[in-house]
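What follows is the content of data13.txt, which has compact mmCIF, C-alpha atoms:
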```txt
# COMPACT_ATOMS: atom_id res chain seq x y z
CA MET L 1 126.46 21.08 -39.96
CA HIS L 2 125.89 18.45 -37.30
CA ARG L 3 123.30 19.24 -34.67
CA LYS L 4 122.28 17.52 -31.45
CA ASP L 5 119.31 18.50 -29.30
CA ASN L 6 121.26 17.83 -26.13
CA TRP L 7 124.20 20.16 -26.79
CA LEU L 8 124.83 22.35 -23.79
CA ASN L 9 125.29 25.75 -25.35
CA ILE L 10 127.76 28.40 -24.17
CA VAL L 11 126.49 31.84 -25.14
CA SER L 12 128.31 34.17 -22.76
CA PRO L 13 130.97 36.11 -24.74
CA LEU L 14 133.36 35.96 -21.78
CA GLU L 15 132.93 32.19 -21.36
CA ILE L 16 133.28 31.64 -25.11
CA GLU L 17 136.55 33.58 -25.21
CA SER L 18 137.81 31.87 -22.04
CA THR L 19 137.12 28.42 -23.50
CA LEU L 20 138.79 29.25 -26.81
CA ARG L 21 141.81 30.74 -25.03
CA PHE L 22 142.16 27.51 -23.05
CA ILE L 23 142.15 25.60 -26.36
CA LEU L 24 144.81 28.04 -27.62
CA ASP L 25 147.02 27.88 -24.52
CA SER L 26 146.82 24.08 -24.24
CA LYS L 27 147.58 23.67 -27.97
CA THR L 28 144.53 21.43 -28.24
CA LEU L 29 143.93 20.00 -31.71
CA LEU L 30 140.90 21.15 -33.70
CA ARG L 31 139.12 19.24 -36.43
CA MET L 32 137.82 21.61 -39.10
CA GLU L 33 135.15 20.23 -41.44
CA ALA L 34 133.72 21.96 -44.50
CA GLU L 35 130.00 22.16 -45.22
CA GLY L 36 128.56 18.74 -46.00
CA GLY L 37 131.66 16.90 -44.81
CA SER L 38 133.48 17.38 -48.12
CA LEU L 39 136.80 18.25 -46.44
CA SER L 40 138.33 17.81 -43.00
CA VAL L 41 141.72 18.83 -41.60
CA ILE L 42 143.43 18.86 -38.22
CA THR L 43 144.58 22.29 -37.10
CA THR L 44 145.23 24.46 -34.02
CA ILE L 45 144.34 27.97 -32.88
CA LEU L 46 147.31 30.29 -33.36
CA ALA L 47 145.96 33.46 -31.78
CA ILE L 48 142.84 35.28 -30.62
CA ASP L 49 142.70 39.00 -31.31
CA ALA L 50 139.61 40.92 -30.22
CA ASP L 51 136.75 39.37 -32.26
CA THR L 52 139.02 37.37 -34.56
CA ILE L 53 140.47 33.85 -34.36
CA PHE L 54 143.54 32.76 -36.31
CA VAL L 55 143.98 29.03 -36.98
CA ASP L 56 146.89 27.28 -38.61
CA ASP L 57 146.36 26.89 -42.36
CA THR L 58 147.24 23.21 -42.77
CA THR L 59 145.50 23.03 -46.15
CA ASN L 60 147.00 23.43 -49.57
CA THR L 61 145.80 26.23 -51.86
CA SER L 62 143.03 24.22 -53.54
CA ALA L 63 141.78 22.75 -50.29
CA GLY L 64 141.85 26.12 -48.58
CA SER L 65 139.69 27.64 -51.29
CA GLN L 66 137.00 25.03 -50.52
CA PHE L 67 136.80 26.31 -46.96
CA PHE L 68 136.44 29.89 -48.21
CA LYS L 69 133.57 28.91 -50.52
CA ALA L 70 131.81 26.64 -48.04
CA GLY L 71 130.46 29.38 -45.81
CA PRO L 72 130.36 28.38 -42.13
CA VAL L 73 132.50 25.38 -41.27
CA LEU L 74 132.41 23.13 -38.22
CA LEU L 75 135.31 23.17 -35.77
CA GLU L 76 135.61 20.61 -32.98
CA ALA L 77 137.94 20.15 -30.02
CA ALA L 78 138.04 17.56 -27.23
CA LEU L 79 138.55 18.94 -23.73
CA LYS L 80 138.75 16.52 -20.80
CA GLY L 81 136.35 14.09 -22.46
CA MET L 82 133.91 16.82 -23.49
CA GLN L 83 133.35 17.72 -27.13
CA ILE L 84 133.41 21.46 -27.94
CA SER L 85 131.93 22.47 -31.30
CA PHE L 86 131.44 25.83 -32.99
CA ASP L 87 130.82 27.27 -36.44
CA GLY L 88 133.54 29.28 -38.17
CA ALA L 89 132.28 32.15 -40.31
CA LYS L 90 133.82 34.85 -42.51
CA ILE L 91 136.90 32.70 -43.17
CA MET L 92 139.70 34.46 -45.01
CA ALA L 93 143.29 33.63 -45.92
CA SER L 94 145.75 35.45 -43.66
CA THR L 95 149.09 35.10 -41.91
CA HIS L 96 150.22 35.02 -38.30
CA ALA L 97 153.81 35.34 -37.12
CA GLY L 98 154.91 34.88 -40.70
CA GLN L 99 153.10 31.61 -41.33
CA PRO L 100 149.93 30.89 -43.36
CA ALA L 101 146.76 31.16 -41.32
CA LEU L 102 143.00 31.23 -41.70
CA ARG L 103 141.16 34.10 -40.07
CA MET L 104 137.57 33.81 -38.87
CA ALA L 105 135.09 35.68 -36.71
CA MET L 106 134.68 34.90 -33.02
CA PRO L 107 131.70 32.52 -32.68
CA LYS L 108 128.53 33.63 -30.94
CA LEU L 109 127.89 30.17 -29.51
CA LEU L 110 129.79 27.07 -28.44
CA ARG L 111 128.15 23.65 -28.18
CA ARG L 112 129.35 21.01 -25.77
CA LEU L 113 128.50 17.37 -25.18
CA GLN L 114 129.91 14.79 -22.81
CA ARG L 115 130.63 12.45 -25.71
CA ARG L 116 129.59 12.75 -29.31
CA GLU L 117 129.16 9.17 -30.44
CA PHE L 118 130.04 7.80 -33.83
CA ALA L 119 129.31 4.22 -34.78
CA ARG L 120 131.94 1.51 -34.87
CA ILE L 121 133.64 1.76 -38.25
CA LYS L 122 135.34 -1.15 -39.99
CA VAL L 123 139.01 -0.67 -40.80
CA PRO L 124 140.02 -1.53 -44.39
CA VAL L 125 142.10 -4.67 -44.73
CA LYS L 126 144.26 -3.21 -47.51
CA SER L 127 145.32 -0.25 -45.37
CA PRO L 128 145.03 -1.47 -41.78
CA ALA L 129 145.33 0.55 -38.63
CA LEU L 130 147.67 -1.19 -36.19
CA CYS L 131 147.93 -1.44 -32.43
CA THR L 132 151.09 -2.37 -30.53
CA LEU L 133 150.44 -3.79 -27.07
CA PRO L 134 153.12 -4.33 -24.42
CA THR L 135 152.78 -7.79 -22.91
CA PRO L 136 152.21 -7.64 -19.11
CA HIS L 137 154.74 -10.33 -18.16
CA GLN L 138 157.30 -9.71 -20.92
CA PRO L 139 157.51 -5.91 -21.34
CA GLN L 140 160.42 -6.24 -23.77
CA GLU L 141 158.22 -8.14 -26.22
CA ASN L 142 155.36 -6.30 -27.91
CA ILE L 143 152.40 -7.70 -29.82
CA ARG L 144 151.33 -5.84 -32.97
CA LEU L 145 147.82 -6.51 -34.24
CA ALA L 146 145.56 -5.04 -36.91
CA LEU L 147 142.28 -3.36 -35.97
CA ARG L 148 138.98 -4.82 -37.15
CA ASP L 149 136.93 -1.76 -36.20
CA ILE L 150 137.11 1.34 -34.05
CA GLY L 151 134.66 3.59 -32.23
CA PRO L 152 134.58 6.37 -29.63
CA GLY L 153 134.80 4.03 -26.67
CA GLY L 154 137.07 1.30 -27.93
CA LEU L 155 138.17 -1.01 -30.72
CA SER L 156 138.45 -4.65 -31.68
CA LEU L 157 141.68 -6.37 -32.67
CA ILE L 158 142.27 -9.26 -35.08
CA ASP L 159 144.27 -11.86 -33.14
CA GLY L 160 144.49 -14.63 -35.72
CA GLN L 161 147.23 -16.53 -33.86
CA GLN L 162 145.62 -15.91 -30.45
CA LEU L 163 148.77 -14.22 -29.19
CA LEU L 164 146.85 -12.54 -26.39
CA GLY L 165 145.30 -15.78 -25.19
CA ASP L 166 142.22 -15.49 -22.97
CA ALA L 167 142.92 -11.88 -22.08
CA VAL L 168 139.47 -10.82 -20.83
CA GLY L 169 139.93 -8.31 -18.01
CA THR L 170 143.57 -7.60 -18.85
CA HIS L 171 144.61 -3.93 -18.83
CA TYR L 172 147.24 -2.96 -21.39
CA LYS L 173 148.89 0.38 -20.72
CA ASP L 174 150.57 2.67 -23.27
CA CYS L 175 149.34 0.90 -26.39
CA ARG L 176 150.39 2.60 -29.61
CA LEU L 177 147.72 3.16 -32.27
CA GLU L 178 148.97 3.73 -35.81
CA LEU L 179 146.29 5.38 -37.97
CA PRO L 180 147.18 5.49 -41.70
CA ASP L 181 147.46 9.01 -43.17
CA VAL L 182 146.49 10.53 -39.79
CA GLY L 183 149.18 9.79 -37.20
CA TRP L 184 149.59 7.83 -34.00
CA GLY L 185 148.66 8.08 -30.35
CA ASN L 186 148.91 6.14 -27.10
CA VAL L 187 145.89 4.67 -25.32
CA GLY L 188 145.16 2.32 -22.46
CA LEU L 189 143.04 -0.72 -23.34
CA ARG L 190 141.07 -3.21 -21.26
CA VAL L 191 139.92 -6.43 -22.90
CA VAL L 192 136.18 -6.99 -22.37
CA HIS L 193 135.41 -9.95 -24.65
CA ASN L 194 136.78 -12.45 -27.15
CA SER L 195 134.92 -13.97 -30.08
CA ASP L 196 136.18 -16.66 -32.45
CA MET L 197 135.18 -16.25 -36.09
CA PRO L 198 135.28 -19.28 -38.45
CA LEU L 199 137.35 -18.84 -41.62
CA LYS L 200 136.83 -20.43 -45.03
CA ASN L 201 139.90 -22.63 -44.54
CA GLY L 202 138.34 -24.23 -41.48
CA LYS L 203 140.46 -22.31 -38.98
CA THR L 204 139.28 -19.57 -36.65
CA SER L 205 140.32 -15.97 -36.15
CA ARG L 206 139.84 -14.31 -32.78
CA ASN L 207 138.41 -10.82 -32.41
CA VAL L 208 139.47 -9.12 -29.17
CA GLY L 209 137.09 -6.38 -28.03
CA CYS L 210 138.65 -3.60 -25.96
CA VAL L 211 137.50 -0.41 -24.29
CA PHE L 212 139.65 2.67 -23.87
CA VAL L 213 140.78 2.95 -20.26
CA ASP L 214 142.35 6.33 -20.86
CA VAL L 215 142.69 8.34 -24.05
CA SER L 216 144.08 11.86 -24.33
CA ASP L 217 142.16 14.66 -25.99
CA THR L 218 144.81 14.78 -28.71
CA THR L 219 144.43 11.08 -29.50
CA LEU L 220 140.64 11.36 -29.37
CA MET L 221 140.73 14.08 -32.01
CA LEU L 222 143.00 11.96 -34.21
CA LEU L 223 140.55 9.06 -33.82
CA ARG L 224 137.67 11.27 -34.92
CA HIS L 225 139.62 12.49 -37.93
CA TYR L 226 140.54 8.92 -38.85
CA ALA L 227 136.88 7.89 -38.58
CA TRP L 228 135.93 10.77 -40.89
CA ARG L 229 138.49 9.62 -43.46
CA LEU L 230 137.17 6.05 -43.36
CA GLU L 231 133.61 7.28 -43.83
CA GLN L 232 134.65 9.41 -46.82
CA MET L 233 136.42 6.39 -48.35
CA ARG L 234 133.27 4.31 -47.86
CA ILE L 235 131.07 6.93 -49.51
CA ASN L 236 133.45 7.60 -52.39
CA PRO L 237 136.10 4.87 -52.82
CA GLN L 238 137.63 6.66 -55.83
CA ARG L 239 138.21 9.89 -53.94
CA PRO L 240 141.93 10.67 -53.48
CA LYS L 241 143.21 10.77 -49.91
```
Output the file's structure in the form of structure tokens.
Amino acid sequence: MHRKDNWLNIVSPLEIESTLRFILDSKTLLRMEAEGGSLSVITTILAIDADTIFVDDTTNTSAGSQFFKAGPVLLEAALKGMQISFDGAKIMASTHAGQPALRMAMPKLLRRLQRREFARIKVPVKSPALCTLPTPHQPQENIRLALRDIGPGGLSLIDGQQLLGDAVGTHYKDCRLELPDVGWGNVGLRVVHNSDMPLKNGKTSRNVGCVFVDVSDTTLMLLRHYAWRLEQMRINPQRPK
């Protein structure tokens, strides 16, 4: 499991339960990762009953069995820009309200960090993530660009035709991110720099660096899951999605 020395631990049983119930009531997404990073899924808490947590079983049978065999697994949620992490133990197949669920013991400790960084990750050209930006002066016309890379604080876009022009300082609201095999979410972007990259054909391609102006906890969790998938593809290109 991942560890950071500067996690701010929550050890009070009442505060642990209160935090998890907030995650439950707000339907906040959880990322659940098996030991060693061999499997990751997006799920939600379905119910909390005494010392037991029920989460939605979004896995198939074979994937679910990996969680059962892995021992403790890592679960993460984003709450108002803060990362909440805890270990799930004693995981068993179960049901809740007639739907498949995974049952686990109430954690003894929650870890929290203002922002858990992950490095900028390059987006594969063959399966690009895309960003649709509304143009400030022509809201009916959108610009759709592929991502070059993505990180916790922002992303860079490939603007080969320089459709955005010299957009440094421009704030684009309600941009739609399309993340292959993960989903989509809306973010606000502010352009912080442009850089022109020479191509083999003698032309140039512009990279547009942006920071997230606002990003919801739900979109942040999707971004983290997408980053995990890209890292798994880098480590094992032959691994099925």
What does the distance from CA of Val187 in chain L to CA of Pro124 in chain L come to in Å, to one decimal?
20.9 Å
What are the nearest atom pairs, with distances in Å to one decimal, for all residues of range 24-56 of chain L that come at most 10 Å from range 107-111 of chain L, using all atoms listed in the file, set out by chain and rising residue number as a Markdown table?
```
| residue | atom | partner | partner_atom | distance |
| --- | --- | --- | --- | --- |
| L:Asp51 | CA | L:Pro107 | CA | 8.5 |
| L:Thr52 | CA | L:Pro107 | CA | 9.0 |
| L:Ile53 | CA | L:Pro107 | CA | 9.0 |
```
Expected file: the selected residues, C-alpha atoms, as a PDB file, in the frame of the given file:
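Produced file out_6.pdb, reproduced below:
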```
ATOM      1  CA  ASP L  51     136.750  39.370 -32.260  1.00  0.00           C
ATOM      2  CA  THR L  52     139.020  37.370 -34.560  1.00  0.00           C
ATOM      3  CA  ILE L  53     140.470  33.850 -34.360  1.00  0.00           C
TER       4      ILE L  53
END
```
Using only C-alpha atoms, determine which residues lie at most 9 Å from Asp214 in chain L, disregarding the query and same-chain residues fewer than 4 positions distant; provide the list as a PyMOL selection string.
chain L and resi 173+187-189
If you keep C-alpha atoms, can you produce a file of those selected residues as a short mmCIF file (atom, residue, chain, number, x, y, z; two decimals), in the coordinates of the input?
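Saved the output as selection.cif:
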```
data_model
loop_
_atom_site.label_atom_id
_atom_site.label_comp_id
_atom_site.auth_asym_id
_atom_site.auth_seq_id
_atom_site.Cartn_x
_atom_site.Cartn_y
_atom_site.Cartn_z
CA LYS L 173 148.89 0.38 -20.72
CA VAL L 187 145.89 4.67 -25.32
CA GLY L 188 145.16 2.32 -22.46
CA LEU L 189 143.04 -0.72 -23.34
#
```
Applying 9 Å and only C-alpha atoms, which residues near range 194-201 of chain L remain after dropping the ones on its own chain fewer than 5 positions away? List them as a list in words.
Asp166, Ala167, Val168, Arg206, Asn207, Val208 and Gly209 of chain L
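The closest residue to Leu155 in chain L, picked from L:Leu29, L:Leu222, L:Val192, L:Val211 and counting all atoms listed in the file, is L:Val211.
Comparing the minimum interatomic distances between Arg112 in chain L and each of L:Ala227, L:Met32, L:Met82, L:Leu157, counting all atoms listed in the file, we find that L:Met82 sits nearest.
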Starting from 8 Å padding per side, set up an axis-aligned box that covers all listed atoms of range 42-61 of chain L and hand over centre and edge lengths in Å, one decimal, as JSON.
```
{"center_x": 142.0, "center_y": 29.9, "center_z": -41.0, "size_x": 26.6, "size_y": 38.1, "size_z": 37.6}
```
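Straight-line separation from CA of Arg224 in chain L to CA of Ala34 in chain L: 14.9 Å.
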Using Å and a single decimal, report how far CA of Lys122 in chain L sits from CA of Ile158 in chain L.
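A separation of 11.7 Å between them.
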So which residues fall inside 9 Å of (135.4, 23.9, -30.2) if we count all atoms listed in the file? Mind giving them as a list in words?
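Within the cut-off we find Thr19, Leu20, Ile23, Leu30, Arg31, Leu74, Leu75, Glu76, Ala77, Ala78, Leu79, Gln83, Ile84, Ser85, Phe86, Asp87, Leu110, Arg111 and Arg112 of chain L.
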Residue among L:Ala93, L:Ile45, L:Leu164, L:Cys210 lying closest to Leu147 in chain L, counting only C-alpha atoms:
L:Cys210
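Closest to Pro13 in chain L among L:Thr58, L:Ser26, L:Trp184, L:Met106 is L:Met106, based on all atoms listed in the file.
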Near-Lys126 in chain L list (12 Å; only C-alpha atoms; drop same-chain fewer than 5 positions) as a ChimeraX atom specification
/L:146-148,180
May I ask which of the residues L:Gln99, L:Thr218, L:Ser18, L:Gln161 is the closest one to Val182 in chain L, counting all atoms listed in the file?
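Closest candidate: L:Thr218.
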Kindly indicate which residue among L:Pro128, L:Gly183, L:Pro100, L:Gly153 lies nearest to Leu46 in chain L, using all atoms listed in the file for the distances.
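Answer, going by the shortest atom-to-atom distance: L:Pro100.
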If you keep N, CA and C atoms, can you output range 13-29 of chain L as a short mmCIF file (atom, residue, chain, number, x, y, z; two decimals), in the first residue's frame?
```cif
data_model
loop_
_atom_site.label_atom_id
_atom_site.label_comp_id
_atom_site.auth_asym_id
_atom_site.auth_seq_id
_atom_site.Cartn_x
_atom_site.Cartn_y
_atom_site.Cartn_z
N PRO L 13 -12.71 6.75 16.52
CA PRO L 13 -13.78 5.97 15.90
C PRO L 13 -14.97 6.82 15.47
N LEU L 14 -15.33 7.82 16.28
CA LEU L 14 -16.46 8.66 15.93
C LEU L 14 -16.16 9.51 14.69
N GLU L 15 -14.93 10.04 14.60
CA GLU L 15 -14.57 10.87 13.45
C GLU L 15 -14.43 10.01 12.19
N ILE L 16 -13.91 8.79 12.36
CA ILE L 16 -13.80 7.87 11.22
C ILE L 16 -15.19 7.58 10.66
N GLU L 17 -16.12 7.22 11.54
CA GLU L 17 -17.48 6.90 11.08
C GLU L 17 -18.15 8.13 10.47
N SER L 18 -17.95 9.30 11.09
CA SER L 18 -18.55 10.52 10.56
C SER L 18 -18.04 10.83 9.15
N THR L 19 -16.74 10.67 8.95
CA THR L 19 -16.15 10.93 7.63
C THR L 19 -16.68 9.96 6.60
N LEU L 20 -16.74 8.68 6.96
CA LEU L 20 -17.23 7.67 6.01
C LEU L 20 -18.72 7.86 5.72
N ARG L 21 -19.48 8.29 6.72
CA ARG L 21 -20.91 8.54 6.47
C ARG L 21 -21.10 9.75 5.55
N PHE L 22 -20.21 10.73 5.65
CA PHE L 22 -20.28 11.86 4.72
C PHE L 22 -20.00 11.38 3.30
N ILE L 23 -19.00 10.49 3.14
CA ILE L 23 -18.71 9.91 1.82
C ILE L 23 -19.93 9.14 1.31
N LEU L 24 -20.59 8.41 2.20
CA LEU L 24 -21.80 7.66 1.84
C LEU L 24 -22.92 8.62 1.43
N ASP L 25 -23.22 9.60 2.26
CA ASP L 25 -24.37 10.48 2.01
C ASP L 25 -24.16 11.35 0.77
N SER L 26 -22.91 11.73 0.50
CA SER L 26 -22.63 12.59 -0.65
C SER L 26 -22.40 11.79 -1.93
N LYS L 27 -22.49 10.44 -1.80
CA LYS L 27 -22.28 9.55 -2.97
C LYS L 27 -20.94 9.83 -3.64
N THR L 28 -19.94 10.11 -2.82
CA THR L 28 -18.60 10.37 -3.32
C THR L 28 -17.99 9.08 -3.89
N LEU L 29 -17.32 9.20 -5.03
CA LEU L 29 -16.68 8.03 -5.63
C LEU L 29 -15.47 7.59 -4.81
#
```
